[in-house]
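Engineer: So I've got this file, final.csv, and it contains CSV, C-alpha atoms:
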```csv
chain,number,residue,atom,x,y,z
P,1,MET,CA,0.0,0.0,0.0
P,2,THR,CA,1.4,3.4,-1.0
P,3,SER,CA,-0.2,6.4,0.6
P,4,SER,CA,0.3,10.1,0.4
P,5,ASN,CA,-2.7,10.6,2.7
P,6,ARG,CA,-0.7,11.7,5.7
P,7,ARG,CA,-2.7,11.6,9.0
P,8,PRO,CA,-2.1,12.5,12.6
P,9,ASN,CA,-0.7,9.7,14.6
P,10,ARG,CA,-3.2,7.0,15.6
P,11,THR,CA,-3.7,5.8,19.2
P,12,LEU,CA,-1.8,2.6,19.4
P,13,GLY,CA,-1.2,0.0,22.1
P,14,GLY,CA,-3.5,-2.5,23.8
P,15,VAL,CA,-7.0,-2.9,22.3
P,16,HIS,CA,-6.3,-0.1,19.8
P,17,ASP,CA,-3.8,-2.3,18.0
P,18,ARG,CA,-6.5,-4.9,17.3
P,19,PHE,CA,-8.8,-2.3,15.8
P,20,TRP,CA,-6.2,-1.2,13.3
P,21,GLU,CA,-5.3,-4.8,12.5
P,22,LEU,CA,-8.9,-5.4,11.6
P,23,CYS,CA,-9.1,-2.3,9.5
P,24,GLN,CA,-6.5,-3.8,7.2
P,25,ARG,CA,-9.3,-6.2,6.1
P,26,GLN,CA,-11.2,-3.1,5.0
P,27,ARG,CA,-14.2,-4.1,7.1
P,28,LEU,CA,-15.4,-2.4,10.3
P,29,PHE,CA,-15.2,-4.2,13.6
P,30,LEU,CA,-16.3,-3.0,17.0
P,31,GLN,CA,-16.1,-4.5,20.5
P,32,ARG,CA,-19.2,-6.2,21.7
P,33,CYS,CA,-19.7,-7.3,25.3
P,34,SER,CA,-20.3,-11.0,25.7
P,35,SER,CA,-22.4,-10.3,28.9
P,36,CYS,CA,-24.8,-7.5,27.9
P,37,ALA,CA,-24.3,-7.5,24.1
P,38,GLN,CA,-23.5,-3.8,24.1
P,39,PHE,CA,-21.4,-2.5,21.2
P,40,GLN,CA,-18.9,0.1,22.1
P,41,TRP,CA,-16.6,2.6,20.6
P,42,PRO,CA,-13.8,3.6,21.2
P,43,PRO,CA,-12.2,0.3,22.3
P,44,GLU,CA,-11.7,-0.2,26.0
P,45,GLU,CA,-10.6,-3.0,28.3
P,46,ALA,CA,-14.1,-3.4,29.9
P,47,CYS,CA,-17.7,-2.8,28.8
P,48,GLU,CA,-18.8,0.8,29.4
P,49,LYS,CA,-22.3,-0.4,30.2
P,50,CYS,CA,-21.9,-3.3,32.6
P,51,GLY,CA,-18.2,-3.4,33.4
P,52,HIS,CA,-17.7,-6.9,32.0
P,53,ASP,CA,-14.2,-7.5,30.7
P,54,ARG,CA,-15.0,-10.1,28.0
P,55,LEU,CA,-15.3,-8.1,24.9
P,56,GLU,CA,-15.3,-9.7,21.4
P,57,TRP,CA,-14.4,-8.0,18.2
P,58,THR,CA,-17.5,-8.2,16.0
P,59,GLU,CA,-18.0,-7.1,12.4
P,60,VAL,CA,-20.6,-4.4,12.1
P,61,SER,CA,-22.6,-3.2,9.1
P,62,GLY,CA,-20.6,0.0,8.6
P,63,ARG,CA,-23.8,1.9,7.9
P,64,GLY,CA,-25.2,4.7,9.9
P,65,THR,CA,-26.7,8.2,9.7
P,66,LEU,CA,-25.1,11.6,10.0
P,67,ALA,CA,-25.7,12.9,13.5
P,68,SER,CA,-23.5,16.0,13.2
P,69,TRP,CA,-20.5,17.5,11.4
P,70,CYS,CA,-18.0,20.3,11.7
P,71,THR,CA,-15.2,22.0,9.7
P,72,PHE,CA,-12.0,22.7,11.5
P,73,VAL,CA,-10.4,26.0,10.5
P,74,GLN,CA,-7.7,26.1,13.2
P,75,LYS,CA,-4.6,23.9,12.8
P,76,TYR,CA,-4.5,21.3,15.5
P,77,TYR,CA,-2.4,18.7,13.7
P,78,ASP,CA,0.7,19.3,11.5
P,79,ALA,CA,-0.4,16.4,9.3
P,80,LEU,CA,-3.7,18.0,8.3
P,81,GLU,CA,-4.1,21.1,6.3
P,82,VAL,CA,-7.0,23.4,7.2
P,83,PRO,CA,-9.8,23.5,6.6
P,84,TYR,CA,-10.9,19.9,7.0
P,85,ASP,CA,-14.2,18.3,7.6
P,86,THR,CA,-15.2,15.7,10.2
P,87,VAL,CA,-18.5,13.9,10.6
P,88,LEU,CA,-20.2,12.2,13.6
P,89,VAL,CA,-22.0,9.0,12.5
P,90,ALA,CA,-24.6,7.2,14.5
P,91,LEU,CA,-23.8,3.6,13.5
P,92,GLU,CA,-26.7,1.2,13.1
P,93,GLU,CA,-25.4,-0.8,16.0
P,94,GLY,CA,-25.6,2.2,18.3
P,95,PRO,CA,-22.1,3.8,18.9
P,96,LEU,CA,-21.2,7.2,17.7
P,97,PHE,CA,-18.1,7.3,15.4
P,98,ILE,CA,-16.1,10.4,14.5
P,99,SER,CA,-14.5,10.3,11.1
P,100,ASN,CA,-14.2,12.2,7.8
P,101,PRO,CA,-16.6,12.4,4.9
P,102,ALA,CA,-15.7,10.7,1.7
P,103,GLY,CA,-17.0,12.1,-1.6
P,104,PHE,CA,-19.0,14.9,-0.1
P,105,THR,CA,-18.3,18.1,1.9
P,106,ASN,CA,-19.9,19.3,5.1
P,107,ASP,CA,-21.7,22.0,3.0
P,108,GLU,CA,-23.5,19.1,1.3
P,109,ALA,CA,-24.3,17.2,4.5
P,110,ARG,CA,-27.8,16.8,5.8
P,111,LEU,CA,-28.9,15.6,9.2
P,112,GLY,CA,-29.9,11.9,8.9
P,113,ASP,CA,-28.1,11.3,5.6
P,114,VAL,CA,-27.4,7.5,5.3
P,115,VAL,CA,-23.7,6.8,5.1
P,116,GLU,CA,-21.5,3.8,4.8
P,117,VAL,CA,-17.9,3.1,5.7
P,118,GLU,CA,-15.1,3.1,3.1
P,119,PHE,CA,-11.4,2.6,3.8
P,120,VAL,CA,-8.7,4.9,2.4
P,121,ALA,CA,-5.0,4.3,2.4
P,122,ALA,CA,-3.3,6.6,4.9
P,123,SER,CA,0.0,6.8,6.8
P,124,ASP,CA,1.3,8.2,10.1
P,125,ASP,CA,4.6,7.9,12.0
P,126,ALA,CA,3.9,4.2,12.7
P,127,GLY,CA,3.4,3.4,9.0
P,128,GLU,CA,0.7,2.7,6.5
P,129,PHE,CA,-2.9,1.7,7.4
P,130,PHE,CA,-6.5,1.8,6.2
P,131,LEU,CA,-8.6,4.6,7.7
P,132,PRO,CA,-12.4,4.2,8.0
P,133,VAL,CA,-14.2,7.2,6.4
P,134,PHE,CA,-17.9,7.6,5.5
P,135,ALA,CA,-19.5,8.1,2.1
P,136,ARG,CA,-23.2,9.0,1.6
P,137,VAL,CA,-25.3,6.1,0.2
P,138,ALA,CA,-26.1,6.8,-3.4
P,139,SER,CA,-29.9,6.6,-3.0
P,140,GLN,CA,-30.1,10.0,-1.1
P,141,THR,CA,-32.8,12.3,-2.2
```
Rewrite the coordinates I just gave you, this time as structure tokens.
Structural biologist:
Amino acid sequence: MTSSNRRPNRTLGGVHDRFWELCQRQRLFLQRCSSCAQFQWPPEEACEKCGHDRLEWTEVSGRGTLASWCTFVQKYYDALEVPYDTVLVALEEGPLFISNPAGFTNDEARLGDVVEVEFVAASDDAGEFFLPVFARVASQT
């Protein structure tokens, strides 16, 4: 994978490493509690709902709806030129996921737009990886 899509450094170590390993498959996985069945994001050592520590990585649909979005105009990361857009996606399975829009800008975003995960090649100081981003589903009206 060759990438010129430079990104801020990912959070690595512990359960975060497993998330990025699974992203290499270009499919979205989240932790799911084997006790209460709660999906959670971001990854943790224990369930945020019941405290159980037996969490399983489970493939999710990768679909959701736009819950919010914003455009950053102040430079927070050297790796990202401003302005840049971010989106907050309410995944079908429940968790909220912050990412970037793919194929649309925040000026085109509408509350409730149906979106689906895509993976783009990216790199940071730790190397190359696939980054989950969200594109609008084509059947939008």
Engineer: Atom CA of Val137 of chain P to atom CA of Arg110 of chain P: how many Å, to one decimal?
Structural biologist: 12.3 Å
Engineer: For Arg136 of chain P, work out the shell of residues within 12 Å, counting only C-alpha atoms and skipping chain neighbours fewer than 6 positions away, then give it as a list in words.
Structural biologist: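 Final neighbour list, sorted by chain and number: Gly62, Arg63, Gly64, Thr65, Leu66, Val87, Val89, Asn100, Pro101, Ala102, Gly103, Phe104, Thr105, Asn106, Glu108, Ala109, Arg110, Leu111, Gly112, Asp113, Val114, Val115, Glu116, Val117 and Glu118 of chain P.
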Engineer: Compile the contact shell of Phe72 of chain P as a list of chain:residue names: residues with an atom at most 9 Å away, counting all atoms listed in the file, same-chain residues fewer than 3 positions apart removed.
Structural biologist: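 With the cut-off at 9 Å, the set is P:Lys75, P:Tyr76, P:Val82, P:Pro83, P:Tyr84, P:Asp85, P:Thr86.
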Engineer: Can those selected residues be exported to a file as an mmCIF file, keeping the file's coordinate frame so that it contains C-alpha atoms?
Structural biologist:
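Output below, filename selection05.cif:
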```
data_model
loop_
_atom_site.group_PDB
_atom_site.id
_atom_site.type_symbol
_atom_site.label_atom_id
_atom_site.label_comp_id
_atom_site.auth_asym_id
_atom_site.auth_seq_id
_atom_site.Cartn_x
_atom_site.Cartn_y
_atom_site.Cartn_z
ATOM 1 C CA LYS P 75 -4.600 23.900 12.800
ATOM 2 C CA TYR P 76 -4.500 21.300 15.500
ATOM 3 C CA VAL P 82 -7.000 23.400 7.200
ATOM 4 C CA PRO P 83 -9.800 23.500 6.600
ATOM 5 C CA TYR P 84 -10.900 19.900 7.000
ATOM 6 C CA ASP P 85 -14.200 18.300 7.600
ATOM 7 C CA THR P 86 -15.200 15.700 10.200
#
```
Engineer: Report the distance between atom CA of His52 of chain P and atom CA of Arg10 of chain P in Å, rounded to one decimal place.
Structural biologist: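 Result for atom CA of His52 of chain P versus atom CA of Arg10 of chain P: 25.9 Å, one decimal.
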Engineer: Near segment 54-56 of chain P, counting all atoms listed in the file, which residues have an atom at most 6 Å away, once you skip same-chain residues fewer than 5 positions from it, shown as a ChimeraX atom specification?
Structural biologist: /P:31-34
Engineer: To one decimal place in Å, what is the distance between atom CA of Ser123 of chain P and atom CA of Ala79 of chain P?
Structural biologist: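 Atom CA of Ala79 of chain P lies at a distance of 9.9 Å from atom CA of Ser123 of chain P.
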Engineer: Using all atoms listed in the file, find the one residue out of P:Leu88, P:Val73, P:Ala126, P:Val60 that sits nearest to Gln26 of chain P.
Structural biologist: P:Val60
Engineer: So which one's closest to Phe97 of chain P, P:Asn5, P:Trp69, P:Glu44, P:Asp78? Using all atoms listed in the file, please.
Structural biologist: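 The shortest atom-to-atom distance to Phe97 of chain P comes from P:Trp69.
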Engineer: Pick the closest to Glu45 of chain P from P:Leu91, P:Val15, P:Ala122, P:Ala67: which is it, counting only C-alpha atoms?
Structural biologist: P:Val15
Engineer: Check the smallest atom-to-atom distance from each of P:Ala90, P:Leu30, P:Leu12, P:Ile98 to Asp125 of chain P using only C-alpha atoms, then report the winner.
Structural biologist: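 Among the listed residues, the smallest separation from Asp125 of chain P belongs to P:Leu12.
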Engineer: Using all atoms listed in the file, which of P:Glu21, P:Thr58, P:His16, P:Phe134 sits nearest Pro43 of chain P?
Structural biologist: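 Of P:Glu21, P:Thr58, P:His16, P:Phe134, the one nearest Pro43 of chain P, counting all atoms listed in the file, is P:His16.
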Engineer: Find, counting only C-alpha atoms, the residue in P:Leu28, P:Leu96, P:Val133, P:Ala121 that gets nearest to Ser61 of chain P.
Structural biologist: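 Closest candidate: P:Leu28.
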Engineer: Please fill the gaps in segment 83-94 of chain P so it has N, CA and C atoms, and write that as a PDB file, in the frame of the given file.
Structural biologist:
```
ATOM      1  N   PRO P  83      -8.793  24.158   5.789  1.00  0.00           N
ATOM      2  CA  PRO P  83      -9.800  23.500   6.600  1.00  0.00           C
ATOM      3  C   PRO P  83      -9.992  22.046   6.270  1.00  0.00           C
ATOM      4  N   TYR P  84     -10.519  21.292   7.232  1.00  0.00           N
ATOM      5  CA  TYR P  84     -10.900  19.900   7.000  1.00  0.00           C
ATOM      6  C   TYR P  84     -12.166  19.570   7.692  1.00  0.00           C
ATOM      7  N   ASP P  85     -12.908  18.637   7.075  1.00  0.00           N
ATOM      8  CA  ASP P  85     -14.200  18.300   7.600  1.00  0.00           C
ATOM      9  C   ASP P  85     -14.179  17.002   8.414  1.00  0.00           C
ATOM     10  N   THR P  86     -15.032  16.962   9.426  1.00  0.00           N
ATOM     11  CA  THR P  86     -15.200  15.700  10.200  1.00  0.00           C
ATOM     12  C   THR P  86     -16.746  15.500  10.291  1.00  0.00           C
ATOM     13  N   VAL P  87     -17.104  14.234  10.492  1.00  0.00           N
ATOM     14  CA  VAL P  87     -18.500  13.900  10.600  1.00  0.00           C
ATOM     15  C   VAL P  87     -18.672  12.992  11.877  1.00  0.00           C
ATOM     16  N   LEU P  88     -19.843  13.080  12.479  1.00  0.00           N
ATOM     17  CA  LEU P  88     -20.200  12.200  13.600  1.00  0.00           C
ATOM     18  C   LEU P  88     -21.321  11.298  13.047  1.00  0.00           C
ATOM     19  N   VAL P  89     -21.033   9.994  13.041  1.00  0.00           N
ATOM     20  CA  VAL P  89     -22.000   9.000  12.500  1.00  0.00           C
ATOM     21  C   VAL P  89     -22.558   8.189  13.609  1.00  0.00           C
ATOM     22  N   ALA P  90     -23.884   8.080  13.606  1.00  0.00           N
ATOM     23  CA  ALA P  90     -24.600   7.200  14.500  1.00  0.00           C
ATOM     24  C   ALA P  90     -24.676   5.835  13.803  1.00  0.00           C
ATOM     25  N   LEU P  91     -23.812   4.903  14.195  1.00  0.00           N
ATOM     26  CA  LEU P  91     -23.800   3.600  13.500  1.00  0.00           C
ATOM     27  C   LEU P  91     -25.096   2.842  13.833  1.00  0.00           C
ATOM     28  N   GLU P  92     -25.514   1.975  12.902  1.00  0.00           N
ATOM     29  CA  GLU P  92     -26.700   1.200  13.100  1.00  0.00           C
ATOM     30  C   GLU P  92     -26.707   0.399  14.398  1.00  0.00           C
ATOM     31  N   GLU P  93     -25.511  -0.011  14.816  1.00  0.00           N
ATOM     32  CA  GLU P  93     -25.400  -0.800  16.000  1.00  0.00           C
ATOM     33  C   GLU P  93     -25.377   0.009  17.303  1.00  0.00           C
ATOM     34  N   GLY P  94     -25.421   1.347  17.179  1.00  0.00           N
ATOM     35  CA  GLY P  94     -25.600   2.200  18.300  1.00  0.00           C
ATOM     36  C   GLY P  94     -24.451   3.193  18.618  1.00  0.00           C
TER      37      GLY P  94
END
```
